[in-house]
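Trainee: Input structure: entry_24.txt, which contains compact mmCIF, C-alpha atoms and all ligand atoms.
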```txt
# COMPACT_ATOMS: atom_id res chain seq x y z
CA GLN A 1 -7.58 -45.22 -194.50
CA GLY A 2 -10.53 -46.40 -192.41
CA GLU A 3 -12.80 -43.96 -190.49
CA SER A 4 -11.10 -40.78 -191.61
CA GLY A 5 -11.28 -41.73 -195.31
CA ARG A 6 -7.60 -40.85 -195.69
CA VAL A 7 -4.20 -41.65 -194.23
CA LEU A 8 -3.70 -39.21 -191.37
CA ASP A 9 -0.42 -37.67 -190.41
CA THR A 10 -0.88 -38.55 -186.71
CA VAL A 11 -3.29 -40.36 -184.41
CA VAL A 12 -2.98 -39.27 -180.77
CA ILE A 13 -4.43 -41.93 -178.46
CA GLY A 14 -5.69 -40.31 -175.24
CA GLY A 15 -7.12 -36.81 -174.95
CA GLY A 16 -6.07 -35.87 -171.40
CA GLN A 17 -3.54 -33.15 -170.56
CA ALA A 18 -0.69 -34.87 -172.40
CA GLY A 19 -2.69 -35.72 -175.53
CA LEU A 20 -4.16 -32.22 -175.82
CA ALA A 21 -0.77 -30.58 -175.24
CA ILE A 22 0.96 -32.56 -177.99
CA ALA A 23 -2.05 -32.07 -180.29
CA TYR A 24 -1.77 -28.29 -179.83
CA HIS A 25 1.82 -28.36 -181.10
CA LEU A 26 1.01 -30.74 -183.97
CA VAL A 27 -1.82 -28.47 -185.14
CA GLN A 28 0.71 -25.60 -185.12
CA GLN A 29 2.79 -27.80 -187.44
CA HIS A 30 -0.27 -28.06 -189.77
CA ARG A 31 -0.53 -31.81 -189.39
CA ASP A 32 -3.65 -33.76 -190.26
CA LEU A 33 -4.54 -35.50 -187.02
CA VAL A 34 -7.21 -36.97 -184.80
CA ILE A 35 -7.23 -37.46 -181.02
CA LEU A 36 -9.09 -40.55 -179.84
CA ASP A 37 -10.27 -40.76 -176.23
CA ALA A 38 -12.15 -43.55 -174.48
CA HIS A 39 -14.15 -41.31 -172.16
CA ALA A 40 -17.54 -39.82 -173.07
CA ARG A 41 -16.38 -36.25 -172.48
CA ILE A 42 -13.05 -34.41 -172.54
CA GLY A 43 -11.83 -34.07 -168.93
CA ASP A 44 -13.61 -37.17 -167.64
CA ALA A 45 -10.29 -38.65 -166.45
CA TRP A 46 -10.58 -35.90 -163.78
CA ARG A 47 -14.35 -35.53 -163.54
CA LEU A 48 -14.79 -39.19 -162.57
CA ARG A 49 -12.43 -39.02 -159.57
CA TRP A 50 -13.60 -38.51 -155.98
CA ASP A 51 -15.79 -35.47 -155.29
CA SER A 52 -13.53 -33.64 -152.83
CA LEU A 53 -10.36 -33.95 -154.97
CA ARG A 54 -8.42 -30.76 -155.47
CA LEU A 55 -5.19 -30.59 -157.41
CA PHE A 56 -1.97 -30.39 -155.43
CA THR A 57 -0.41 -28.22 -158.13
CA PRO A 58 -1.49 -24.56 -158.16
CA ALA A 59 -3.43 -23.21 -161.15
CA LYS A 60 -0.37 -21.39 -162.46
CA PHE A 61 1.22 -24.81 -163.18
CA ASP A 62 -1.91 -26.56 -164.48
CA GLY A 63 -2.39 -24.84 -167.81
CA LEU A 64 -1.63 -26.08 -171.30
CA PRO A 65 0.37 -24.22 -173.97
CA GLY A 66 -1.30 -21.09 -175.34
CA MET A 67 -4.05 -20.76 -172.71
CA PRO A 68 -3.27 -20.18 -169.02
CA PHE A 69 -5.51 -21.74 -166.40
CA PRO A 70 -8.13 -19.04 -165.61
CA GLY A 71 -8.72 -17.38 -162.23
CA ASP A 72 -6.64 -17.37 -159.07
CA ARG A 73 -3.13 -18.44 -160.06
CA LEU A 74 -2.19 -19.46 -156.52
CA GLY A 75 -5.40 -21.45 -155.96
CA PHE A 76 -5.69 -25.24 -156.30
CA PRO A 77 -8.36 -26.17 -158.86
CA SER A 78 -11.05 -28.72 -158.08
CA LYS A 79 -11.06 -31.80 -160.29
CA ASP A 80 -14.13 -30.46 -162.13
CA GLU A 81 -12.45 -27.11 -162.78
CA GLN A 82 -9.46 -28.96 -164.26
CA ALA A 83 -11.79 -31.12 -166.38
CA ASP A 84 -13.74 -28.10 -167.64
CA TYR A 85 -10.50 -26.29 -168.45
CA LEU A 86 -9.35 -29.21 -170.64
CA GLU A 87 -12.70 -29.26 -172.44
CA ALA A 88 -12.61 -25.47 -173.00
CA TYR A 89 -9.00 -25.77 -174.22
CA ALA A 90 -9.86 -28.35 -176.89
CA GLN A 91 -12.79 -26.22 -178.02
CA HIS A 92 -10.77 -22.98 -178.07
CA PHE A 93 -8.10 -24.44 -180.37
CA GLY A 94 -10.52 -26.60 -182.36
CA LEU A 95 -8.60 -29.76 -181.52
CA PRO A 96 -10.14 -32.72 -183.37
CA VAL A 97 -10.99 -34.97 -180.42
CA ARG A 98 -13.21 -38.02 -180.94
CA THR A 99 -14.61 -39.09 -177.56
CA GLY A 100 -16.08 -42.48 -176.71
CA VAL A 101 -13.41 -44.27 -178.75
CA HIS A 102 -11.52 -46.91 -176.78
CA VAL A 103 -8.53 -47.99 -178.83
CA ASP A 104 -7.96 -51.71 -178.43
CA ARG A 105 -5.25 -52.37 -180.99
CA VAL A 106 -2.33 -50.58 -182.65
CA ARG A 107 -0.34 -52.41 -185.27
CA ARG A 108 1.75 -51.77 -188.33
CA ASP A 109 0.70 -52.44 -191.90
CA GLY A 110 3.68 -51.79 -194.16
CA GLU A 111 4.77 -48.19 -193.68
CA ARG A 112 1.58 -47.15 -191.86
CA PHE A 113 0.14 -47.57 -188.42
CA VAL A 114 -3.34 -49.02 -188.07
CA VAL A 115 -5.28 -47.95 -184.97
CA GLU A 116 -8.39 -49.99 -184.16
CA SER A 117 -11.38 -49.59 -181.88
CA GLY A 118 -13.67 -52.57 -182.39
CA VAL A 119 -14.52 -52.53 -186.09
CA ARG A 120 -13.42 -48.91 -186.57
CA ARG A 121 -9.90 -48.17 -187.79
CA TRP A 122 -7.65 -45.24 -188.58
CA GLU A 123 -4.42 -45.22 -190.59
CA ALA A 124 -1.59 -42.84 -189.92
CA GLU A 125 2.08 -42.10 -190.45
CA ASN A 126 2.62 -41.44 -186.72
CA VAL A 127 1.03 -42.53 -183.46
CA VAL A 128 1.39 -40.82 -180.08
CA LEU A 129 0.42 -42.89 -177.04
CA ALA A 130 -0.99 -40.47 -174.44
CA THR A 131 -3.20 -42.85 -172.49
CA GLY A 132 -1.97 -41.83 -169.01
CA GLY A 133 -0.35 -43.92 -166.33
CA TYR A 134 -3.30 -43.74 -163.92
CA GLN A 135 -6.14 -45.44 -165.77
CA VAL A 136 -5.86 -49.20 -165.09
CA PRO A 137 -6.36 -50.01 -161.36
CA ARG A 138 -3.96 -52.32 -159.55
CA VAL A 139 -5.08 -54.36 -156.51
CA PRO A 140 -3.20 -57.20 -154.82
CA GLU A 141 -4.17 -60.76 -155.68
CA PHE A 142 -5.44 -61.54 -152.15
CA ALA A 143 -8.26 -58.98 -152.59
CA GLY A 144 -10.11 -61.81 -154.36
CA ARG A 145 -10.07 -63.84 -151.12
CA ILE A 146 -11.77 -61.19 -148.99
CA GLY A 147 -15.37 -62.06 -148.08
CA SER A 148 -18.39 -60.61 -149.88
CA SER A 149 -19.60 -58.97 -146.65
CA VAL A 150 -16.80 -56.43 -147.20
CA LEU A 151 -17.46 -53.75 -149.83
CA GLN A 152 -14.29 -53.30 -151.91
CA LEU A 153 -13.58 -50.32 -154.12
CA HIS A 154 -10.48 -49.09 -155.91
CA SER A 155 -9.71 -45.38 -155.46
CA SER A 156 -10.62 -44.91 -159.14
CA ASP A 157 -14.22 -45.93 -158.29
CA TYR A 158 -14.44 -44.01 -155.02
CA ARG A 159 -16.46 -40.77 -155.16
CA THR A 160 -18.00 -40.04 -151.74
CA PRO A 161 -18.47 -41.63 -148.27
CA ALA A 162 -22.16 -42.14 -149.17
CA GLN A 163 -21.07 -45.07 -151.39
CA LEU A 164 -19.83 -47.01 -148.37
CA ARG A 165 -21.60 -49.49 -146.10
CA PRO A 166 -22.12 -48.62 -142.43
CA GLY A 167 -19.16 -49.80 -140.34
CA PRO A 168 -15.39 -49.40 -140.30
CA VAL A 169 -13.41 -48.46 -143.40
CA LEU A 170 -9.92 -49.69 -144.22
CA VAL A 171 -7.99 -47.54 -146.68
CA VAL A 172 -5.09 -49.50 -148.17
CA GLY A 173 -2.07 -47.53 -149.34
CA MET A 174 -0.48 -44.58 -147.64
CA GLY A 175 0.36 -42.50 -150.67
CA ASN A 176 -1.27 -39.26 -151.65
CA SER A 177 -4.62 -40.73 -152.75
CA GLY A 178 -4.85 -42.99 -149.69
CA ALA A 179 -4.20 -40.17 -147.24
CA GLU A 180 -6.71 -37.85 -148.90
CA ILE A 181 -9.43 -40.49 -149.14
CA ALA A 182 -8.86 -41.58 -145.51
CA LEU A 183 -9.44 -37.99 -144.40
CA ASP A 184 -12.52 -37.78 -146.63
CA VAL A 185 -14.20 -40.83 -145.06
CA SER A 186 -13.05 -40.21 -141.48
CA GLY A 187 -15.85 -37.69 -140.88
CA SER A 188 -18.51 -40.38 -141.24
CA HIS A 189 -16.79 -43.73 -140.61
CA ASP A 190 -14.25 -45.27 -138.24
CA THR A 191 -11.21 -45.24 -140.49
CA THR A 192 -7.92 -47.12 -140.53
CA ILE A 193 -5.15 -46.63 -143.07
CA ALA A 194 -2.73 -49.44 -143.89
CA GLY A 195 0.63 -48.93 -145.53
CA THR A 196 4.24 -47.91 -145.32
CA PRO A 197 4.63 -44.13 -145.12
CA THR A 198 6.09 -42.75 -148.34
CA GLY A 199 7.32 -39.52 -146.80
CA GLU A 200 5.64 -36.14 -146.89
CA LEU A 201 6.31 -32.65 -148.14
CA PRO A 202 8.16 -30.91 -145.28
CA LEU A 203 5.92 -27.84 -145.30
CA ARG A 204 2.28 -26.83 -145.07
CA HIS A 205 0.64 -27.04 -148.49
CA GLY A 206 -1.35 -23.95 -149.47
CA ARG A 207 -1.14 -20.49 -151.05
CA ALA A 208 2.12 -19.50 -149.36
CA ALA A 209 3.73 -22.74 -150.57
CA ALA A 210 2.32 -22.10 -154.05
CA ARG A 211 4.01 -18.70 -154.06
CA PHE A 212 7.40 -19.49 -152.56
CA VAL A 213 8.21 -23.21 -152.33
CA LEU A 214 6.26 -25.16 -154.97
CA PRO A 215 8.05 -23.31 -157.79
CA ALA A 216 11.33 -24.73 -156.46
CA VAL A 217 9.79 -28.21 -156.17
CA ARG A 218 8.52 -27.87 -159.74
CA PHE A 219 11.93 -26.77 -160.96
CA ALA A 220 13.61 -29.75 -159.31
CA GLY A 221 10.98 -32.14 -160.71
CA LEU A 222 11.31 -30.79 -164.24
CA HIS A 223 14.98 -29.89 -164.55
CA VAL A 224 17.10 -31.48 -161.80
CA LEU A 225 15.63 -34.93 -161.21
CA THR A 226 15.81 -35.97 -164.86
CA LEU A 227 17.56 -38.71 -166.78
CA GLY A 228 19.74 -35.91 -168.19
CA THR A 229 21.51 -35.22 -164.86
CA PRO A 230 23.82 -37.46 -162.79
CA ILE A 231 21.69 -36.99 -159.66
CA GLY A 232 18.52 -37.77 -161.61
CA ARG A 233 20.01 -40.95 -163.10
CA ARG A 234 20.94 -42.06 -159.57
CA VAL A 235 17.68 -41.15 -157.83
CA LEU A 236 14.88 -41.79 -160.38
CA PRO A 237 15.28 -45.58 -160.68
CA LYS A 238 15.06 -45.82 -156.88
CA LEU A 239 11.82 -43.82 -156.79
CA ALA A 240 10.03 -45.89 -159.44
CA GLY A 241 7.21 -47.96 -157.94
CA ARG A 242 7.59 -46.51 -154.43
CA GLY A 243 4.44 -44.43 -154.42
CA ALA A 244 4.17 -40.66 -154.22
CA PRO A 245 4.89 -38.86 -150.95
CA LEU A 246 2.06 -37.13 -149.12
CA ILE A 247 1.69 -33.63 -150.50
CA ARG A 248 -1.44 -31.91 -149.25
CA THR A 249 -2.17 -34.17 -146.26
CA LYS A 250 0.20 -34.77 -143.37
CA ARG A 251 0.44 -37.82 -141.13
CA ALA A 252 -0.41 -35.43 -138.28
CA ASP A 253 -3.67 -34.54 -140.11
CA LEU A 254 -4.60 -38.22 -140.18
CA ASP A 255 -3.86 -38.53 -136.46
CA ALA A 256 -5.88 -35.39 -135.68
CA ALA A 257 -8.86 -36.79 -137.64
CA GLY A 258 -8.70 -40.02 -135.59
CA VAL A 259 -7.53 -42.19 -138.49
CA ALA A 260 -5.78 -45.28 -137.05
CA ARG A 261 -2.58 -46.40 -138.78
CA VAL A 262 -1.54 -50.04 -139.27
CA GLU A 263 1.20 -51.81 -141.20
CA ARG A 264 0.72 -52.70 -144.82
CA LEU A 265 -1.64 -55.51 -145.82
CA VAL A 266 -0.03 -58.75 -146.93
CA ASP A 267 -2.76 -61.38 -147.09
CA ALA A 268 -6.37 -62.41 -146.46
CA ARG A 269 -7.35 -65.04 -143.90
CA ASP A 270 -10.88 -66.45 -143.50
CA GLY A 271 -12.18 -63.63 -145.68
CA SER A 272 -10.52 -60.80 -143.69
CA PRO A 273 -7.45 -58.69 -144.48
CA VAL A 274 -4.20 -59.37 -142.58
CA THR A 275 -1.40 -56.87 -141.90
CA ALA A 276 2.36 -57.48 -142.01
CA ALA A 277 2.24 -57.56 -138.19
CA GLY A 278 -0.20 -60.50 -138.39
CA ASP A 279 -3.27 -58.53 -137.26
CA VAL A 280 -6.57 -59.64 -138.78
CA LEU A 281 -8.81 -56.61 -139.43
CA ASP A 282 -12.59 -56.72 -139.12
CA VAL A 283 -13.93 -54.05 -141.50
CA ALA A 284 -17.06 -53.39 -143.57
CA ASN A 285 -15.35 -51.50 -146.40
CA ILE A 286 -11.97 -51.51 -148.11
CA ILE A 287 -10.78 -48.76 -150.43
CA TRP A 288 -7.71 -49.89 -152.39
CA CYS A 289 -5.45 -46.89 -152.94
CA THR A 290 -2.83 -49.20 -154.37
CA GLY A 291 -2.15 -47.37 -157.57
CA TYR A 292 -2.33 -48.25 -161.23
CA ARG A 293 -0.60 -50.52 -163.67
CA ASP A 294 0.62 -49.75 -167.09
CA ASP A 295 -1.28 -51.79 -169.65
CA LEU A 296 -0.05 -51.38 -173.20
CA THR A 297 -0.63 -54.99 -174.25
CA TRP A 298 -2.89 -53.69 -177.02
CA VAL A 299 0.11 -52.03 -178.71
CA GLU A 300 1.25 -54.81 -181.04
CA LEU A 301 4.59 -53.30 -181.99
CA PRO A 302 8.20 -54.20 -181.15
CA ALA A 303 8.47 -51.32 -178.70
CA PHE A 304 8.98 -53.17 -175.41
CA ASP A 305 11.77 -55.00 -173.61
CA ASP A 306 11.32 -58.51 -172.16
CA ASP A 307 9.71 -57.06 -169.01
CA GLY A 308 7.13 -55.15 -171.05
CA THR A 309 8.77 -51.78 -170.39
CA MET A 310 8.42 -49.38 -173.28
CA LEU A 311 11.77 -48.65 -174.93
CA GLN A 312 11.71 -44.89 -175.36
CA ARG A 313 14.02 -41.90 -175.08
CA ARG A 314 12.19 -38.76 -174.02
CA GLY A 315 9.07 -40.10 -175.71
CA VAL A 316 10.69 -41.26 -178.96
CA VAL A 317 10.50 -45.01 -179.62
CA ASP A 318 13.65 -45.63 -181.66
CA ALA A 319 12.74 -49.19 -182.63
CA VAL A 320 9.44 -48.14 -184.23
CA PRO A 321 9.92 -44.96 -186.28
CA GLY A 322 6.81 -42.78 -186.04
CA LEU A 323 5.77 -44.12 -182.61
CA TYR A 324 5.86 -41.73 -179.64
CA VAL A 325 4.74 -41.81 -176.02
CA ILE A 326 4.01 -39.15 -173.43
CA GLY A 327 2.73 -38.80 -169.85
CA ARG A 328 4.32 -41.80 -168.15
CA GLU A 329 6.04 -41.89 -164.76
CA PHE A 330 9.78 -41.16 -164.85
CA MET A 331 9.77 -41.17 -168.65
CA TYR A 332 12.38 -38.47 -168.55
CA ALA A 333 11.88 -36.43 -165.40
CA MET A 334 10.46 -36.90 -161.93
CA ALA A 335 7.57 -34.72 -163.13
CA SER A 336 6.84 -36.55 -166.43
CA ALA A 337 3.51 -37.89 -165.12
CA THR A 338 2.29 -34.60 -163.68
CA LEU A 339 0.50 -31.77 -165.42
CA PRO A 340 3.57 -29.48 -165.71
CA GLY A 341 5.72 -32.44 -166.76
CA ALA A 342 3.36 -33.69 -169.47
CA THR A 343 3.05 -30.14 -170.83
CA ARG A 344 6.82 -29.63 -170.90
CA ASP A 345 7.44 -33.09 -172.45
CA ALA A 346 4.84 -32.34 -175.14
CA ALA A 347 6.84 -29.32 -176.33
CA HIS A 348 10.00 -31.43 -176.50
CA LEU A 349 8.26 -34.27 -178.33
CA ALA A 350 6.76 -31.87 -180.86
CA ARG A 351 10.27 -30.57 -181.64
CA ARG A 352 11.52 -34.14 -182.14
CA MET A 353 8.58 -34.94 -184.42
CA ARG A 354 9.19 -31.79 -186.48
CA ALA A 355 12.88 -32.69 -186.83
CA ARG A 356 11.99 -36.18 -188.03
CA ARG A 357 9.54 -34.82 -190.58
CA ALA A 358 12.23 -32.47 -191.88
CA ALA A 359 14.73 -35.34 -192.16
CA PRO A 360 12.70 -38.57 -192.35
CA THR A 361 15.71 -40.80 -192.90
CA ASN A 362 17.14 -39.69 -189.56
CA ALA A 363 14.23 -41.52 -188.00
CA SER A 364 14.88 -41.60 -184.29
CA THR A 365 16.19 -38.22 -183.28
P1 LIG B 1 -4.79 -38.73 -168.19
O1 LIG B 1 -5.23 -37.43 -167.66
O2 LIG B 1 -4.99 -39.96 -167.36
O3 LIG B 1 -5.50 -38.93 -169.61
C1 LIG B 1 -5.38 -40.12 -170.35
C2 LIG B 1 -6.55 -40.20 -171.30
O4 LIG B 1 -6.34 -41.32 -172.14
C3 LIG B 1 -7.89 -40.40 -170.61
O5 LIG B 1 -8.78 -39.39 -170.99
C4 LIG B 1 -8.37 -41.78 -171.09
O6 LIG B 1 -9.75 -41.81 -171.37
C5 LIG B 1 -7.58 -41.97 -172.36
N1 LIG B 1 -7.32 -43.37 -172.67
C6 LIG B 1 -6.69 -44.29 -171.91
N2 LIG B 1 -6.60 -45.48 -172.55
C7 LIG B 1 -7.18 -45.28 -173.77
C8 LIG B 1 -7.41 -46.12 -174.91
N3 LIG B 1 -6.99 -47.39 -174.93
N4 LIG B 1 -8.06 -45.60 -175.98
C9 LIG B 1 -8.47 -44.30 -175.97
N5 LIG B 1 -8.28 -43.47 -174.93
C10 LIG B 1 -7.65 -43.95 -173.84
N6 LIG B 1 -0.77 -34.16 -161.50
C11 LIG B 1 -0.54 -32.87 -161.21
O7 LIG B 1 0.30 -32.23 -161.85
N7 LIG B 1 -1.21 -32.22 -160.20
C12 LIG B 1 -2.15 -32.85 -159.43
O8 LIG B 1 -2.71 -32.26 -158.53
C13 LIG B 1 -2.41 -34.23 -159.71
N8 LIG B 1 -3.33 -34.91 -158.98
C14 LIG B 1 -3.56 -36.21 -159.29
C15 LIG B 1 -4.53 -36.90 -158.55
C16 LIG B 1 -4.80 -38.23 -158.85
C17 LIG B 1 -5.81 -38.96 -158.04
C18 LIG B 1 -4.12 -38.88 -159.90
C19 LIG B 1 -4.38 -40.31 -160.23
C20 LIG B 1 -3.16 -38.21 -160.63
C21 LIG B 1 -2.88 -36.87 -160.33
N9 LIG B 1 -1.93 -36.16 -161.06
C22 LIG B 1 -1.68 -34.86 -160.77
C23 LIG B 1 -1.25 -36.76 -162.20
C24 LIG B 1 -2.05 -36.37 -163.45
O9 LIG B 1 -3.29 -37.00 -163.48
C25 LIG B 1 -1.36 -36.79 -164.69
O10 LIG B 1 -0.07 -36.38 -164.67
C26 LIG B 1 -1.99 -36.13 -165.90
O11 LIG B 1 -3.37 -36.39 -165.92
C27 LIG B 1 -1.32 -36.65 -167.12
O12 LIG B 1 -2.14 -36.47 -168.17
P2 LIG B 1 -2.31 -37.63 -169.21
O13 LIG B 1 -2.97 -36.97 -170.34
O14 LIG B 1 -1.01 -38.32 -169.41
O15 LIG B 1 -3.23 -38.72 -168.53
```
Take the structure from the file and write it as structure tokens.
Ligand code: FAD
Mentor:
Amino acid sequence: QGESGRVLDTVVIGGGQAGLAIAYHLVQQHRDLVILDAHARIGDAWRLRWDSLRLFTPAKFDGLPGMPFPGDRLGFPSKDEQADYLEAYAQHFGLPVRTGVHVDRVRRDGERFVVESGVRRWEAENVVLATGGYQVPRVPEFAGRIGSSVLQLHSSDYRTPAQLRPGPVLVVGMGNSGAEIALDVSGSHDTTIAGTPTGELPLRHGRAAARFVLPAVRFAGLHVLTLGTPIGRRVLPKLAGRGAPLIRTKRADLDAAGVARVERLVDARDGSPVTAAGDVLDVANIIWCTGYRDDLTWVELPAFDDDGTMLQRRGVVDAVPGLYVIGREFMYAMASATLPGATRDAAHLARRMRARRAAPTNAST
């Protein structure tokens, strides 16, 4: 029973967009639940990102069930506006979020799940993993061989150019974060971006796109490029791990801002980074925009294949009845790890959970 003094119906681990969206539906189902989140404040997963970050999805796509995102529906919220919206959402619906709780273990004890954070523990019939796919930074191994005269940051720790040392900046990774951060620092520092282009949205991002084109992109991401369609089954596995295409920023924007482009980094030599072309770069700062890794090693349940990939179908873990997952890349659709995708997947998962409660012996569907 632990902290709550009783066996809960559900513990949701992670109180970001996905965790709050599923919690909304579970409250509608009158379940006894708690949402545990590691951050000090709801929305901090957004608040703690770089200062100039704006969402690439318009406000009309960024809301959660039951409460539209306020204000200009064709505008692109700042990261703080998104964070504040999530906090207001949890308050509005009275969602039972416990902040400052980093879950470090989930295991089974008989029929129940036990969720642990240090010495604190919760027991529940169901667990939903909603810890996000963009929380644990990934940097290449050779970063450890770069000299201490170079300041190294991961994009998750980057906030503003004022953090950087005087001298040239190397941004590593030419995905969406890399391109935006390179533009951000180019006003104050000589900036180079290293990486293989991941493609870019073939139109100018902005209000007109939000009105006419992004709805079609959203539709394709939610309904066409899914594991439920032949084209989705063909395309999605090829996209996994390739990095997101540039959305707001264009390669031409980088050129116009004077950002130099080099091939991807492959090594470090004598304390300096080396590109695939063999060039040794002399820089004062490196910002690693090299993405995130999925770390669910603290989930001590038979829910993974030999490669550590979670075995799930649209968020339902068949091998562990009562265990669910939401918010991961390509879980079901291209858009599963975006705000509209997590919100849509939450509604589906809630239906599956209700069906299982109605027919508990039919555990997995
Ligand atoms: P998150 O928002 O990451 O929330 C996960 C929560 O889980 C966090 O609050 C964290 O504290 C908590 N947590 C993690 N581990 C634990 C643990 N062990 N114990 C307790 N709590 C834990 N998507 C869009 O649709 N539009 C955009 O414009 C957009 N921009 C993005 C920009 C960046 C830089 C990044 C990285 C992502 C962006 N995304 C965007 C994707 C978007 O962040 C995710 O799709 C969305 O946040 C998914 O919500 P989530 O709840 O799954 O994850």
Trainee: List all protein, DNA and RNA residues that have at least one atom no more than 8 Å from any atom of ligand LIG 1 (chain B), counting all atoms listed in the file, and write them as a ChimeraX atom specification.
Mentor: /A:13-20,36-39,42-46,49,53-58,61-62,76,100-104,117,130-135,155-156,176-177,291,298,326-328,335-342
Trainee: Give me, as a list in words, all polymer residues having an atom no more than 12 Å from Ser188 in chain A, counting only C-alpha atoms and skipping those fewer than 3 positions away in the same chain.
Mentor: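 In the requested form, the answer reads Thr160, Pro161, Ala162, Gln163, Leu164, Arg165, Pro166, Gly167, Pro168, Val169, Ala182, Leu183, Asp184, Val185, Thr191, Ala257, Gly258 and Val259 of chain A.
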Trainee: For the residues selected in the previous step, produce a file with C-alpha atoms as a PDB file, in the frame of the given file.
Mentor:
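So selection-v9.pdb came out as:
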```
ATOM      1  CA  THR A 160     -18.000 -40.040-151.740  1.00  0.00           C
ATOM      2  CA  PRO A 161     -18.470 -41.630-148.270  1.00  0.00           C
ATOM      3  CA  ALA A 162     -22.160 -42.140-149.170  1.00  0.00           C
ATOM      4  CA  GLN A 163     -21.070 -45.070-151.390  1.00  0.00           C
ATOM      5  CA  LEU A 164     -19.830 -47.010-148.370  1.00  0.00           C
ATOM      6  CA  ARG A 165     -21.600 -49.490-146.100  1.00  0.00           C
ATOM      7  CA  PRO A 166     -22.120 -48.620-142.430  1.00  0.00           C
ATOM      8  CA  GLY A 167     -19.160 -49.800-140.340  1.00  0.00           C
ATOM      9  CA  PRO A 168     -15.390 -49.400-140.300  1.00  0.00           C
ATOM     10  CA  VAL A 169     -13.410 -48.460-143.400  1.00  0.00           C
ATOM     11  CA  ALA A 182      -8.860 -41.580-145.510  1.00  0.00           C
ATOM     12  CA  LEU A 183      -9.440 -37.990-144.400  1.00  0.00           C
ATOM     13  CA  ASP A 184     -12.520 -37.780-146.630  1.00  0.00           C
ATOM     14  CA  VAL A 185     -14.200 -40.830-145.060  1.00  0.00           C
ATOM     15  CA  THR A 191     -11.210 -45.240-140.490  1.00  0.00           C
ATOM     16  CA  ALA A 257      -8.860 -36.790-137.640  1.00  0.00           C
ATOM     17  CA  GLY A 258      -8.700 -40.020-135.590  1.00  0.00           C
ATOM     18  CA  VAL A 259      -7.530 -42.190-138.490  1.00  0.00           C
TER      19      VAL A 259
END
```
Trainee: Residues proximal to (14.4, -36.8, -173.4) were defined as those with any atom within 10 Å of that point in the file's coordinates, counting all atoms listed in the file. Which are they, as JSON, numbers by chain?
Mentor: {"A": [226, 227, 228, 312, 313, 314, 315, 316, 331, 332, 333, 345, 348, 349, 352]}
Trainee: How many Å separate CA of Asp267 in chain A from CA of Ala143 in chain A?
Mentor: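 These atoms are spaced 8.1 Å apart.
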Trainee: How many Å separate CA of Gly2 in chain A from CA of Val114 in chain A?
Mentor: 8.8 Å
Trainee: A:Leu129, A:Leu311, A:Leu201, A:Ile193: which is nearest Ile247 in chain A, counting only C-alpha atoms?
Mentor: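 Distance minimum relative to Ile247 in chain A lands on A:Leu201.
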Trainee: Just the residues within 8 Å of Val320 in chain A, please, counting only C-alpha atoms, with nothing from its chain fewer than 6 positions along; format it as an mmCIF file with C-alpha atoms, keeping the file's coordinate frame.
Mentor:
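Listing of around.cif after writing:
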```
data_model
loop_
_atom_site.group_PDB
_atom_site.id
_atom_site.type_symbol
_atom_site.label_atom_id
_atom_site.label_comp_id
_atom_site.auth_asym_id
_atom_site.auth_seq_id
_atom_site.Cartn_x
_atom_site.Cartn_y
_atom_site.Cartn_z
ATOM 1 C CA LEU A 301 4.590 -53.300 -181.990
ATOM 2 C CA PRO A 302 8.200 -54.200 -181.150
ATOM 3 C CA ALA A 303 8.470 -51.320 -178.700
#
```
Trainee: Counting only C-alpha atoms, which residues have an atom no more than 12 Å from (-5.3, -31.4, -139.4) in the file's coordinates? Please list them as a VMD selection string.
Mentor: chain A and resid 179 to 180 183 186 204 to 205 248 to 259
Trainee: Between A:Asp9, A:Asp157, A:Glu141, A:Glu81, which one has atoms that come closest to Leu48 in chain A, using all atoms listed in the file?
Mentor: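 Counting all atoms listed in the file, the residue closest to Leu48 in chain A is A:Asp157.
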Trainee: Which residue gives the smallest distance to Ser272 in chain A among A:Arg357, A:Arg120, A:Arg31, A:Arg145, with only C-alpha atoms counted?
Mentor: A:Arg145
Trainee: Tell me, as a list of chain:residue names, which residues lie within 7 Å of Trp288 in chain A, counting all atoms listed in the file; anything in the same chain fewer than 6 positions away does not count.
Mentor: A:Val139, A:Leu153, A:His154, A:Ser155, A:Val171, A:Val172, A:Gly173
Trainee: One decimal, Å: what's the distance from CA of Val27 in chain A over to CA of Val325 in chain A, could you say?
Mentor: 17.4 Å
